[in-house]
file target35.pdb (PDB, C-alpha atoms)
MODEL        1
ATOM      1  CA  MET M   1     -46.047 -44.977   7.851
ATOM      2  CA  ALA M   2     -48.115 -41.775   7.792
ATOM      3  CA  HIS M   3     -48.756 -42.159  11.504
ATOM      4  CA  ASN M   4     -45.017 -42.494  12.217
ATOM      5  CA  SER M   5     -44.159 -39.387  10.190
ATOM      6  CA  MET M   6     -46.850 -37.432  12.018
ATOM      7  CA  THR M   7     -45.542 -38.557  15.388
ATOM      8  CA  LYS M   8     -41.982 -37.564  14.488
ATOM      9  CA  SER M   9     -42.781 -34.088  13.262
ATOM     10  CA  PRO M  10     -43.503 -32.535  16.715
ATOM     11  CA  GLY M  11     -40.153 -33.804  17.971
ATOM     12  CA  ALA M  12     -38.423 -32.460  14.914
ATOM     13  CA  ARG M  13     -40.093 -29.129  15.484
ATOM     14  CA  ARG M  14     -38.996 -29.141  19.116
ATOM     15  CA  ARG M  15     -35.388 -29.703  18.053
ATOM     16  CA  LEU M  16     -35.352 -26.513  15.994
ATOM     17  CA  PRO M  17     -33.382 -23.757  17.735
ATOM     18  CA  ARG M  18     -35.574 -21.238  19.463
ATOM     19  CA  LEU M  19     -34.050 -17.850  18.814
ATOM     20  CA  PRO M  20     -35.039 -14.857  20.919
ATOM     21  CA  ALA M  21     -36.758 -12.001  19.126
ATOM     22  CA  SER M  22     -33.666  -9.782  19.422
ATOM     23  CA  LEU M  23     -31.564 -12.409  17.661
ATOM     24  CA  TRP M  24     -34.114 -12.704  14.860
ATOM     25  CA  LEU M  25     -33.811  -8.952  14.377
ATOM     26  CA  CYS M  26     -30.045  -9.386  14.134
ATOM     27  CA  VAL M  27     -30.442 -12.139  11.538
ATOM     28  CA  VAL M  28     -32.824  -9.962   9.499
ATOM     29  CA  TRP M  29     -30.433  -7.011   9.654
ATOM     30  CA  ILE M  30     -27.490  -9.194   8.613
ATOM     31  CA  GLY M  31     -29.582 -10.424   5.685
ATOM     32  CA  VAL M  32     -30.290  -6.834   4.651
ATOM     33  CA  VAL M  33     -26.586  -5.967   4.883
ATOM     34  CA  VAL M  34     -25.660  -9.011   2.791
ATOM     35  CA  ILE M  35     -28.136  -7.942   0.107
ATOM     36  CA  ILE M  36     -26.596  -4.461   0.157
ATOM     37  CA  GLY M  37     -23.138  -5.961  -0.176
ATOM     38  CA  LEU M  38     -24.187  -7.995  -3.209
ATOM     39  CA  CYS M  39     -26.449  -5.502  -4.983
ATOM     40  CA  ALA M  40     -25.311  -2.016  -3.897
ATOM     41  CA  GLN M  41     -24.741  -0.797  -7.474
ATOM     42  CA  TRP M  42     -28.258  -1.815  -8.529
ATOM     43  CA  LEU M  43     -29.920  -0.548  -5.352
ATOM     44  CA  SER M  44     -28.313   2.903  -5.518
ATOM     45  CA  PRO M  45     -30.759   5.480  -6.921
ATOM     46  CA  PHE M  46     -27.892   7.720  -8.143
ATOM     47  CA  ASP M  47     -24.243   7.488  -9.064
ATOM     48  CA  TYR M  48     -22.524   7.910  -5.717
ATOM     49  CA  LEU M  49     -19.908  10.218  -7.323
ATOM     50  CA  GLN M  50     -22.467  12.525  -8.967
ATOM     51  CA  GLN M  51     -22.128  16.016  -7.478
ATOM     52  CA  LEU M  52     -24.908  18.619  -7.395
ATOM     53  CA  PRO M  53     -23.493  21.645  -5.522
ATOM     54  CA  LEU M  54     -26.847  23.445  -5.495
ATOM     55  CA  THR M  55     -28.375  20.679  -3.362
ATOM     56  CA  ARG M  56     -25.675  20.522  -0.695
ATOM     57  CA  PHE M  57     -26.619  19.599   2.864
ATOM     58  CA  ALA M  58     -30.190  18.657   1.991
ATOM     59  CA  ALA M  59     -31.804  17.037   5.017
ATOM     60  CA  PRO M  60     -33.291  13.540   4.783
ATOM     61  CA  GLY M  61     -36.562  13.726   2.865
ATOM     62  CA  ALA M  62     -36.138  17.384   1.936
ATOM     63  CA  LEU M  63     -35.490  16.697  -1.758
ATOM     64  CA  PRO M  64     -37.554  14.382  -3.985
ATOM     65  CA  GLY M  65     -35.592  11.232  -4.717
ATOM     66  CA  HIS M  66     -32.944  11.873  -2.057
ATOM     67  CA  VAL M  67     -34.386   9.810   0.762
ATOM     68  CA  LEU M  68     -31.462  10.331   3.142
ATOM     69  CA  GLY M  69     -30.500  13.787   1.889
ATOM     70  CA  THR M  70     -27.203  14.899   0.366
ATOM     71  CA  ASP M  71     -23.685  15.521   1.622
ATOM     72  CA  TYR M  72     -21.341  18.511   1.474
ATOM     73  CA  LEU M  73     -20.782  18.002  -2.283
ATOM     74  CA  GLY M  74     -24.434  17.459  -3.134
ATOM     75  CA  ARG M  75     -23.989  13.703  -3.562
ATOM     76  CA  ASP M  76     -26.890  11.415  -2.734
ATOM     77  CA  LEU M  77     -26.263  10.093   0.769
ATOM     78  CA  LEU M  78     -28.218   6.868   0.305
ATOM     79  CA  SER M  79     -26.137   5.915  -2.740
ATOM     80  CA  ASN M  80     -22.929   6.718  -0.876
ATOM     81  CA  LEU M  81     -24.089   4.726   2.148
ATOM     82  CA  LEU M  82     -24.882   1.656   0.055
ATOM     83  CA  ILE M  83     -21.545   1.704  -1.780
ATOM     84  CA  ALA M  84     -19.644   2.442   1.443
ATOM     85  CA  THR M  85     -21.320  -0.507   3.170
ATOM     86  CA  GLN M  86     -20.389  -2.751   0.267
ATOM     87  CA  THR M  87     -16.759  -1.593   0.388
ATOM     88  CA  SER M  88     -16.479  -2.118   4.146
ATOM     89  CA  LEU M  89     -18.056  -5.575   3.887
ATOM     90  CA  VAL M  90     -15.744  -6.659   1.073
ATOM     91  CA  ILE M  91     -12.686  -5.519   3.028
ATOM     92  CA  ALA M  92     -13.928  -7.194   6.212
ATOM     93  CA  LEU M  93     -14.723 -10.428   4.375
ATOM     94  CA  ALA M  94     -11.362 -10.546   2.588
ATOM     95  CA  GLY M  95      -9.562  -9.693   5.817
ATOM     96  CA  SER M  96     -11.470 -12.340   7.780
ATOM     97  CA  VAL M  97     -10.667 -15.029   5.220
ATOM     98  CA  ILE M  98      -6.964 -14.109   5.192
ATOM     99  CA  CYS M  99      -6.908 -14.042   8.980
ATOM    100  CA  ALA M 100      -8.631 -17.423   9.252
ATOM    101  CA  VAL M 101      -6.409 -19.113   6.651
ATOM    102  CA  VAL M 102      -3.146 -17.764   8.089
ATOM    103  CA  GLY M 103      -4.035 -18.431  11.714
ATOM    104  CA  THR M 104      -5.525 -21.876  11.099
ATOM    105  CA  SER M 105      -2.545 -22.979   8.989
ATOM    106  CA  LEU M 106      -0.055 -21.852  11.626
ATOM    107  CA  GLY M 107      -2.112 -23.557  14.319
ATOM    108  CA  PHE M 108      -1.990 -26.845  12.393
ATOM    109  CA  LEU M 109       1.779 -26.505  11.936
ATOM    110  CA  ALA M 110       2.307 -25.807  15.636
ATOM    111  CA  ALA M 111       0.196 -28.787  16.696
ATOM    112  CA  HIS M 112       1.711 -31.163  14.149
ATOM    113  CA  PHE M 113       5.422 -30.463  14.577
ATOM    114  CA  GLY M 114       5.543 -29.289  18.187
ATOM    115  CA  GLY M 115       8.950 -28.556  19.658
ATOM    116  CA  TRP M 116      10.750 -25.413  18.546
ATOM    117  CA  ILE M 117       8.292 -24.778  15.708
ATOM    118  CA  ASP M 118       5.416 -24.745  18.184
ATOM    119  CA  ASN M 119       7.365 -22.445  20.503
ATOM    120  CA  LEU M 120       8.279 -20.120  17.633
ATOM    121  CA  ILE M 121       4.711 -19.774  16.338
ATOM    122  CA  MET M 122       3.158 -19.370  19.767
ATOM    123  CA  GLY M 123       5.903 -16.949  20.830
ATOM    124  CA  PHE M 124       5.216 -14.816  17.757
ATOM    125  CA  ALA M 125       1.494 -14.961  18.561
ATOM    126  CA  ASP M 126       2.193 -13.755  22.106
ATOM    127  CA  ALA M 127       4.313 -10.912  20.731
ATOM    128  CA  MET M 128       1.524  -9.851  18.366
ATOM    129  CA  SER M 129      -0.986  -9.897  21.216
ATOM    130  CA  SER M 130       1.207  -7.698  23.414
ATOM    131  CA  VAL M 131       1.124  -4.738  20.979
ATOM    132  CA  PRO M 132      -2.140  -2.998  20.000
ATOM    133  CA  PHE M 133      -2.634  -3.780  16.337
ATOM    134  CA  ILE M 134      -3.791  -0.241  15.562
ATOM    135  CA  ILE M 135      -0.243   0.942  16.328
ATOM    136  CA  ILE M 136       1.261  -1.635  13.954
ATOM    137  CA  ALA M 137      -1.214  -0.685  11.230
ATOM    138  CA  LEU M 138      -0.602   3.054  11.672
ATOM    139  CA  GLY M 139       3.168   2.609  11.515
ATOM    140  CA  THR M 140       3.048   0.319   8.473
ATOM    141  CA  LEU M 141       0.642   2.490   6.477
ATOM    142  CA  ALA M 142       2.500   5.670   7.382
ATOM    143  CA  PHE M 143       5.824   4.166   6.283
ATOM    144  CA  PHE M 144       4.802   2.317   3.107
ATOM    145  CA  GLY M 145       1.849   4.492   2.137
ATOM    146  CA  SER M 146      -1.758   3.470   1.830
ATOM    147  CA  SER M 147      -2.695   1.060  -0.955
ATOM    148  CA  PRO M 148      -5.761  -1.178  -1.231
ATOM    149  CA  LEU M 149      -3.774  -4.441  -1.262
ATOM    150  CA  LEU M 150      -1.602  -3.464   1.695
ATOM    151  CA  PHE M 151      -4.660  -2.271   3.589
ATOM    152  CA  VAL M 152      -6.542  -5.536   3.040
ATOM    153  CA  PHE M 153      -3.450  -7.537   4.022
ATOM    154  CA  LEU M 154      -3.056  -5.531   7.215
ATOM    155  CA  VAL M 155      -6.635  -5.992   8.355
ATOM    156  CA  GLY M 156      -6.284  -9.645   7.325
ATOM    157  CA  ILE M 157      -3.567 -10.364   9.868
ATOM    158  CA  ALA M 158      -5.191  -8.369  12.647
ATOM    159  CA  SER M 159      -6.196 -11.367  14.798
ATOM    160  CA  TRP M 160      -4.478 -14.379  13.285
ATOM    161  CA  GLU M 161      -3.041 -15.357  16.686
ATOM    162  CA  ARG M 162      -6.550 -16.150  17.980
ATOM    163  CA  TYR M 163      -7.097 -18.641  15.195
ATOM    164  CA  ALA M 164      -3.620 -20.086  15.728
ATOM    165  CA  ARG M 165      -4.145 -20.691  19.446
ATOM    166  CA  LEU M 166      -7.653 -22.033  18.954
ATOM    167  CA  THR M 167      -6.640 -24.349  16.101
ATOM    168  CA  ARG M 168      -3.582 -25.625  17.953
ATOM    169  CA  GLY M 169      -5.631 -26.579  20.999
ATOM    170  CA  LEU M 170      -8.380 -28.191  18.936
ATOM    171  CA  VAL M 171      -5.923 -30.194  16.819
ATOM    172  CA  ILE M 172      -4.013 -31.426  19.873
ATOM    173  CA  GLY M 173      -7.313 -32.548  21.368
ATOM    174  CA  ALA M 174      -8.434 -34.163  18.108
ATOM    175  CA  ASN M 175      -5.138 -36.068  17.817
ATOM    176  CA  GLN M 176      -6.016 -37.838  21.059
ATOM    177  CA  GLU M 177      -9.380 -38.980  19.734
ATOM    178  CA  GLY M 178      -9.924 -42.494  18.462
ATOM    179  CA  TYR M 179     -10.681 -41.586  14.843
ATOM    180  CA  ALA M 180      -7.367 -39.760  14.402
ATOM    181  CA  GLU M 181      -5.383 -42.601  15.900
ATOM    182  CA  ALA M 182      -7.236 -45.152  13.767
ATOM    183  CA  ALA M 183      -6.490 -43.130  10.630
ATOM    184  CA  ARG M 184      -2.788 -43.078  11.497
ATOM    185  CA  ILE M 185      -2.733 -46.817  12.076
ATOM    186  CA  VAL M 186      -4.118 -47.541   8.610
ATOM    187  CA  GLY M 187      -1.510 -45.227   7.090
ATOM    188  CA  VAL M 188      -3.502 -42.099   6.228
ATOM    189  CA  PRO M 189      -1.022 -39.303   5.338
ATOM    190  CA  ALA M 190      -0.927 -36.326   7.699
ATOM    191  CA  PRO M 191      -2.279 -33.750   5.197
ATOM    192  CA  ARG M 192      -5.242 -35.956   4.348
ATOM    193  CA  LEU M 193      -5.844 -36.725   8.021
ATOM    194  CA  TYR M 194      -5.952 -33.060   8.923
ATOM    195  CA  PHE M 195      -7.998 -31.770   5.989
ATOM    196  CA  ARG M 196     -10.378 -34.712   5.519
ATOM    197  CA  HIS M 197     -10.925 -35.788   9.123
ATOM    198  CA  VAL M 198      -9.674 -33.314  11.729
ATOM    199  CA  LEU M 199     -10.673 -30.005  10.090
ATOM    200  CA  PRO M 200     -14.377 -30.927   9.584
ATOM    201  CA  ASN M 201     -14.582 -31.925  13.257
ATOM    202  CA  ILE M 202     -13.123 -28.661  14.555
ATOM    203  CA  ALA M 203     -14.801 -26.364  12.008
ATOM    204  CA  GLY M 204     -17.577 -25.292  14.404
ATOM    205  CA  PRO M 205     -15.429 -23.284  16.842
ATOM    206  CA  LEU M 206     -13.447 -21.813  13.933
ATOM    207  CA  ILE M 207     -16.648 -20.575  12.284
ATOM    208  CA  VAL M 208     -17.701 -19.020  15.576
ATOM    209  CA  GLN M 209     -14.322 -17.293  15.797
ATOM    210  CA  LEU M 210     -14.889 -15.961  12.285
ATOM    211  CA  THR M 211     -18.205 -14.394  13.306
ATOM    212  CA  VAL M 212     -16.515 -12.816  16.334
ATOM    213  CA  ASN M 213     -13.564 -11.529  14.301
ATOM    214  CA  PHE M 214     -15.636 -10.131  11.409
ATOM    215  CA  PRO M 215     -17.140  -7.118  13.253
ATOM    216  CA  GLU M 216     -13.747  -6.313  14.756
ATOM    217  CA  ILE M 217     -12.281  -6.026  11.271
ATOM    218  CA  ILE M 218     -15.169  -3.754  10.232
ATOM    219  CA  LEU M 219     -14.355  -1.486  13.180
ATOM    220  CA  LEU M 220     -10.635  -1.608  12.373
ATOM    221  CA  GLU M 221     -11.263  -0.636   8.763
ATOM    222  CA  SER M 222     -13.581   2.158   9.857
ATOM    223  CA  GLY M 223     -11.050   3.471  12.367
ATOM    224  CA  LEU M 224      -8.151   3.480   9.911
ATOM    225  CA  SER M 225     -10.277   5.113   7.206
ATOM    226  CA  PHE M 226     -11.435   7.693   9.745
ATOM    227  CA  LEU M 227      -7.772   8.523  10.449
ATOM    228  CA  GLY M 228      -7.064   8.890   6.743
ATOM    229  CA  LEU M 229      -4.930   5.744   6.425
ATOM    230  CA  GLY M 230      -7.503   3.417   4.901
ATOM    231  CA  ILE M 231      -9.794   3.892   1.940
ATOM    232  CA  ARG M 232      -9.056   7.039  -0.056
ATOM    233  CA  PRO M 233     -11.390   9.085  -2.296
ATOM    234  CA  PRO M 234     -12.916   8.705  -4.824
ATOM    235  CA  ALA M 235     -13.626   5.328  -3.238
ATOM    236  CA  THR M 236     -15.714   5.403  -0.095
ATOM    237  CA  SER M 237     -16.280   3.368   3.049
ATOM    238  CA  LEU M 238     -18.258   3.737   6.249
ATOM    239  CA  GLY M 239     -15.263   5.031   8.179
ATOM    240  CA  LEU M 240     -14.438   7.544   5.464
ATOM    241  CA  MET M 241     -18.045   8.807   5.456
ATOM    242  CA  VAL M 242     -17.875   9.361   9.214
ATOM    243  CA  ALA M 243     -14.573  11.198   8.817
ATOM    244  CA  ASP M 244     -15.934  13.412   6.032
ATOM    245  CA  GLY M 245     -19.051  14.316   7.965
ATOM    246  CA  ARG M 246     -17.439  15.149  11.307
ATOM    247  CA  ASN M 247     -16.728  18.721  10.203
ATOM    248  CA  TYR M 248     -20.417  19.368   9.554
ATOM    249  CA  LEU M 249     -22.023  17.918  12.684
ATOM    250  CA  VAL M 250     -23.707  21.190  13.609
ATOM    251  CA  ILE M 251     -25.365  21.840  10.242
ATOM    252  CA  ALA M 252     -25.656  18.270   8.846
ATOM    253  CA  TRP M 253     -25.610  15.682  11.610
ATOM    254  CA  TRP M 254     -26.901  12.945   9.295
ATOM    255  CA  LEU M 255     -23.611  12.839   7.364
ATOM    256  CA  THR M 256     -21.973  11.179  10.371
ATOM    257  CA  ALA M 257     -24.953   9.689  12.188
ATOM    258  CA  LEU M 258     -26.202   7.472   9.352
ATOM    259  CA  PRO M 259     -22.915   5.700   8.479
ATOM    260  CA  GLY M 260     -22.143   5.538  12.205
ATOM    261  CA  ALA M 261     -25.487   3.836  12.821
ATOM    262  CA  MET M 262     -24.748   1.389   9.997
ATOM    263  CA  ILE M 263     -21.424   0.468  11.644
ATOM    264  CA  VAL M 264     -22.992   0.056  15.094
ATOM    265  CA  LEU M 265     -25.985  -2.007  13.961
ATOM    266  CA  THR M 266     -23.920  -4.268  11.705
ATOM    267  CA  THR M 267     -21.170  -5.002  14.209
ATOM    268  CA  LEU M 268     -23.684  -5.447  17.041
ATOM    269  CA  SER M 269     -25.809  -7.873  15.016
ATOM    270  CA  ILE M 270     -22.842  -9.996  13.953
ATOM    271  CA  SER M 271     -21.423  -9.979  17.494
ATOM    272  CA  LEU M 272     -24.717 -11.132  19.021
ATOM    273  CA  LEU M 273     -25.041 -13.864  16.415
ATOM    274  CA  GLY M 274     -21.447 -14.926  17.107
ATOM    275  CA  ASP M 275     -22.157 -15.131  20.839
ATOM    276  CA  PHE M 276     -25.202 -17.296  20.156
ATOM    277  CA  LEU M 277     -23.232 -19.621  17.876
ATOM    278  CA  ARG M 278     -20.463 -19.869  20.457
ATOM    279  CA  ASP M 279     -22.990 -20.926  23.072
ATOM    280  CA  ARG M 280     -24.379 -23.530  20.669
ATOM    281  CA  PHE M 281     -21.030 -25.006  19.685
ATOM    282  CA  ASP M 282     -19.165 -24.823  23.002
ATOM    283  CA  ALA M 283     -19.615 -28.192  24.661
ATOM    284  CA  ARG M 284     -18.501 -26.793  28.034
ATOM    285  CA  LEU M 285     -21.448 -24.384  28.075
ATOM    286  CA  ARG M 286     -23.867 -27.173  27.173
TER     287      ARG M 286
ENDMDL
END
call {"tool": "encode", "arguments": {"input": "target35.pdb", "output": "structure tokens"}}
result
Amino acid sequence: MAHNSMTKSPGARRRLPRLPASLWLCVVWIGVVVIIGLCAQWLSPFDYLQQLPLTRFAAPGALPGHVLGTDYLGRDLLSNLLIATQTSLVIALAGSVICAVVGTSLGFLAAHFGGWIDNLIMGFADAMSSVPFIIIALGTLAFFGSSPLLFVFLVGIASWERYARLTRGLVIGANQEGYAEAARIVGVPAPRLYFRHVLPNIAGPLIVQLTVNFPEIILLESGLSFLGLGIRPPATSLGLMVADGRNYLVIAWWLTALPGAMIVLTTLSISLLGDFLRDRFDARLR
């Protein structure tokens, strides 16, 4: 028995995915960002709202304890960056979940009922795709005013049509498989068939779509906050930090560069990981 286990271990090791070094760096960075999102309050060396006007515009490392310097109000930039990252991640996560639930549910409805319901849902998805979502978000927030719940809801429906189209195609394909037909023959109700049998089998591409959609929502939140229609003070986010620091680029470049770098590195890492997962799950590419 020991000999058999020893002979199987090399094969098991060979089946482990071999990630390139760049992708490992992305995974490590995503892990760091997740830790920041969970523990930002405990990791922050100062209260991110604490103002010390006498220490304004301190460069990174110029003041003891202020590793990344201070902003135009004398607030510790590292503390602000940690809290802003947490806020942006929470909004992106909530928006991604809303987007996935809404789009997946509508995709199931379109595939199950077909006919005019399918045409209505897919027609609405085509209409949403034909208009840049930033215009819809700007018009809605300008008309109703900016509120946290409305903002999260808006970023949550940013790309629901992608999930709807993807889910509809996957469900139609799954309905033609033998396991779905066998479940119908034995009388399995449609809700149980979809949630207990079909959904687990199509979850892979949906998870990949989530990883692709997540960085887009981070960028959308940052863009709206930069334009003054997203997160409002005293709360903070990465986009709001970039917007606040743009007026001081000449004398304090780090106020914009550091949150901008956080946005770029986070979205790039998640996008590269999403591309890798898509290659792993897409049977056509294999």
call {"tool": "closest_residue", "arguments": {"input": "target35.pdb", "among": "M:Gln209, M:Ala111, M:Leu68, M:Pro215", "to": "Gln176 of chain M", "atoms": "all atoms listed in the file"}}
result
M:Ala111
call {"tool": "atom_distance", "arguments": {"input": "target35.pdb", "atom1": "atom CA of Pro45 of chain M", "atom2": "atom CA of Asp76 of chain M"}}
result
8.2 Å
call {"tool": "residues_around", "arguments": {"input": "target35.pdb", "residues": "segment 138-152 of chain M", "least_positions_apart": "5", "cutoff": "9 Å", "atoms": "all atoms listed in the file", "output": "list in words"}}
result
Ile91, Ala92, Ala94, Gly95, Ile98, Phe133, Ile157, Glu221, Leu224, Leu229, Gly230, Ile231 and Arg232 of chain M
call {"tool": "resolve_selection", "arguments": {"input": "target35.pdb", "expression": "the PyMOL selection byres ((chain M and resi 258) around 12)", "output": "ChimeraX atom specification"}}
result
/M:59-60,68-71,77-78,80-82,84-85,238-239,241-242,245-246,249,252-257,259-265
call {"tool": "write_last_selection", "arguments": {"input": "target35.pdb", "atoms": "C-alpha atoms", "output": "PDB file, in the frame of the given file"}}
result
ATOM      1  CA  ALA M  59     -31.804  17.037   5.017  1.00  0.00           C
ATOM      2  CA  PRO M  60     -33.291  13.540   4.783  1.00  0.00           C
ATOM      3  CA  LEU M  68     -31.462  10.331   3.142  1.00  0.00           C
ATOM      4  CA  GLY M  69     -30.500  13.787   1.889  1.00  0.00           C
ATOM      5  CA  THR M  70     -27.203  14.899   0.366  1.00  0.00           C
ATOM      6  CA  ASP M  71     -23.685  15.521   1.622  1.00  0.00           C
ATOM      7  CA  LEU M  77     -26.263  10.093   0.769  1.00  0.00           C
ATOM      8  CA  LEU M  78     -28.218   6.868   0.305  1.00  0.00           C
ATOM      9  CA  ASN M  80     -22.929   6.718  -0.876  1.00  0.00           C
ATOM     10  CA  LEU M  81     -24.089   4.726   2.148  1.00  0.00           C
ATOM     11  CA  LEU M  82     -24.882   1.656   0.055  1.00  0.00           C
ATOM     12  CA  ALA M  84     -19.644   2.442   1.443  1.00  0.00           C
ATOM     13  CA  THR M  85     -21.320  -0.507   3.170  1.00  0.00           C
ATOM     14  CA  LEU M 238     -18.258   3.737   6.249  1.00  0.00           C
ATOM     15  CA  GLY M 239     -15.263   5.031   8.179  1.00  0.00           C
ATOM     16  CA  MET M 241     -18.045   8.807   5.456  1.00  0.00           C
ATOM     17  CA  VAL M 242     -17.875   9.361   9.214  1.00  0.00           C
ATOM     18  CA  GLY M 245     -19.051  14.316   7.965  1.00  0.00           C
ATOM     19  CA  ARG M 246     -17.439  15.149  11.307  1.00  0.00           C
ATOM     20  CA  LEU M 249     -22.023  17.918  12.684  1.00  0.00           C
ATOM     21  CA  ALA M 252     -25.656  18.270   8.846  1.00  0.00           C
ATOM     22  CA  TRP M 253     -25.610  15.682  11.610  1.00  0.00           C
ATOM     23  CA  TRP M 254     -26.901  12.945   9.295  1.00  0.00           C
ATOM     24  CA  LEU M 255     -23.611  12.839   7.364  1.00  0.00           C
ATOM     25  CA  THR M 256     -21.973  11.179  10.371  1.00  0.00           C
ATOM     26  CA  ALA M 257     -24.953   9.689  12.188  1.00  0.00           C
ATOM     27  CA  PRO M 259     -22.915   5.700   8.479  1.00  0.00           C
ATOM     28  CA  GLY M 260     -22.143   5.538  12.205  1.00  0.00           C
ATOM     29  CA  ALA M 261     -25.487   3.836  12.821  1.00  0.00           C
ATOM     30  CA  MET M 262     -24.748   1.389   9.997  1.00  0.00           C
ATOM     31  CA  ILE M 263     -21.424   0.468  11.644  1.00  0.00           C
ATOM     32  CA  VAL M 264     -22.992   0.056  15.094  1.00  0.00           C
ATOM     33  CA  LEU M 265     -25.985  -2.007  13.961  1.00  0.00           C
TER      34      LEU M 265
END
call {"tool": "atom_distance", "arguments": {"input": "target35.pdb", "atom1": "atom CA of Ala100 of chain M", "atom2": "atom CA of Ala125 of chain M"}}
result
14.0 Å
call {"tool": "closest_residue", "arguments": {"input": "target35.pdb", "among": "M:Gly61, M:Asp118, M:Ala243, M:Leu89", "to": "Ile36 of chain M", "atoms": "only C-alpha atoms"}}
result
M:Leu89
call {"tool": "residues_around", "arguments": {"input": "target35.pdb", "residues": "Tyr179 of chain M", "least_positions_apart": "6", "cutoff": "12 Å", "atoms": "only C-alpha atoms", "output": "PyMOL selection string"}}
result
chain M and resi 173+185-186+188+193-194+196-198+201
call {"tool": "atom_distance", "arguments": {"input": "target35.pdb", "atom1": "atom CA of Gly103 of chain M", "atom2": "atom CA of Trp160 of chain M"}}
result
4.4 Å
call {"tool": "residues_around", "arguments": {"input": "target35.pdb", "residues": "Cys99 of chain M", "least_positions_apart": "4", "cutoff": "10 Å", "atoms": "all atoms listed in the file", "output": "PyMOL selection string"}}
result
chain M and resi 93-95+103-105+153-164+210+213-214+217
call {"tool": "residues_around", "arguments": {"input": "target35.pdb", "residues": "segment 267-272 of chain M", "least_positions_apart": "3", "cutoff": "10 Å", "atoms": "all atoms listed in the file", "output": "list in words"}}
result
Ser22, Leu23, Trp24, Leu25, Cys26, Val27, Val28, Trp29, Ile30, Val208, Thr211, Val212, Asn213, Phe214, Pro215, Glu216, Ile217, Ile218, Leu219, Ala261, Met262, Ile263, Val264, Asp275, Phe276, Leu277 and Arg278 of chain M
call {"tool": "resolve_selection", "arguments": {"input": "target35.pdb", "expression": "the PyMOL selection byres ((chain M and resi 47-53) around 7)", "output": "PyMOL selection string"}}
result
chain M and resi 46+54-56+73-76+79-80
call {"tool": "closest_residue", "arguments": {"input": "target35.pdb", "among": "M:Leu220, M:Ile121, M:Leu240, M:Ala235", "to": "Ser96 of chain M", "atoms": "all atoms listed in the file"}}
result
M:Leu220
call {"tool": "closest_residue", "arguments": {"input": "target35.pdb", "among": "M:Arg184, M:Val131, M:Ala110, M:Ile117", "to": "Val171 of chain M", "atoms": "all atoms listed in the file"}}
result
M:Ala110
call {"tool": "closest_residue", "arguments": {"input": "target35.pdb", "among": "M:Leu273, M:Cys39, M:Val90, M:Ala174", "to": "Leu199 of chain M", "atoms": "all atoms listed in the file"}}
result
M:Ala174
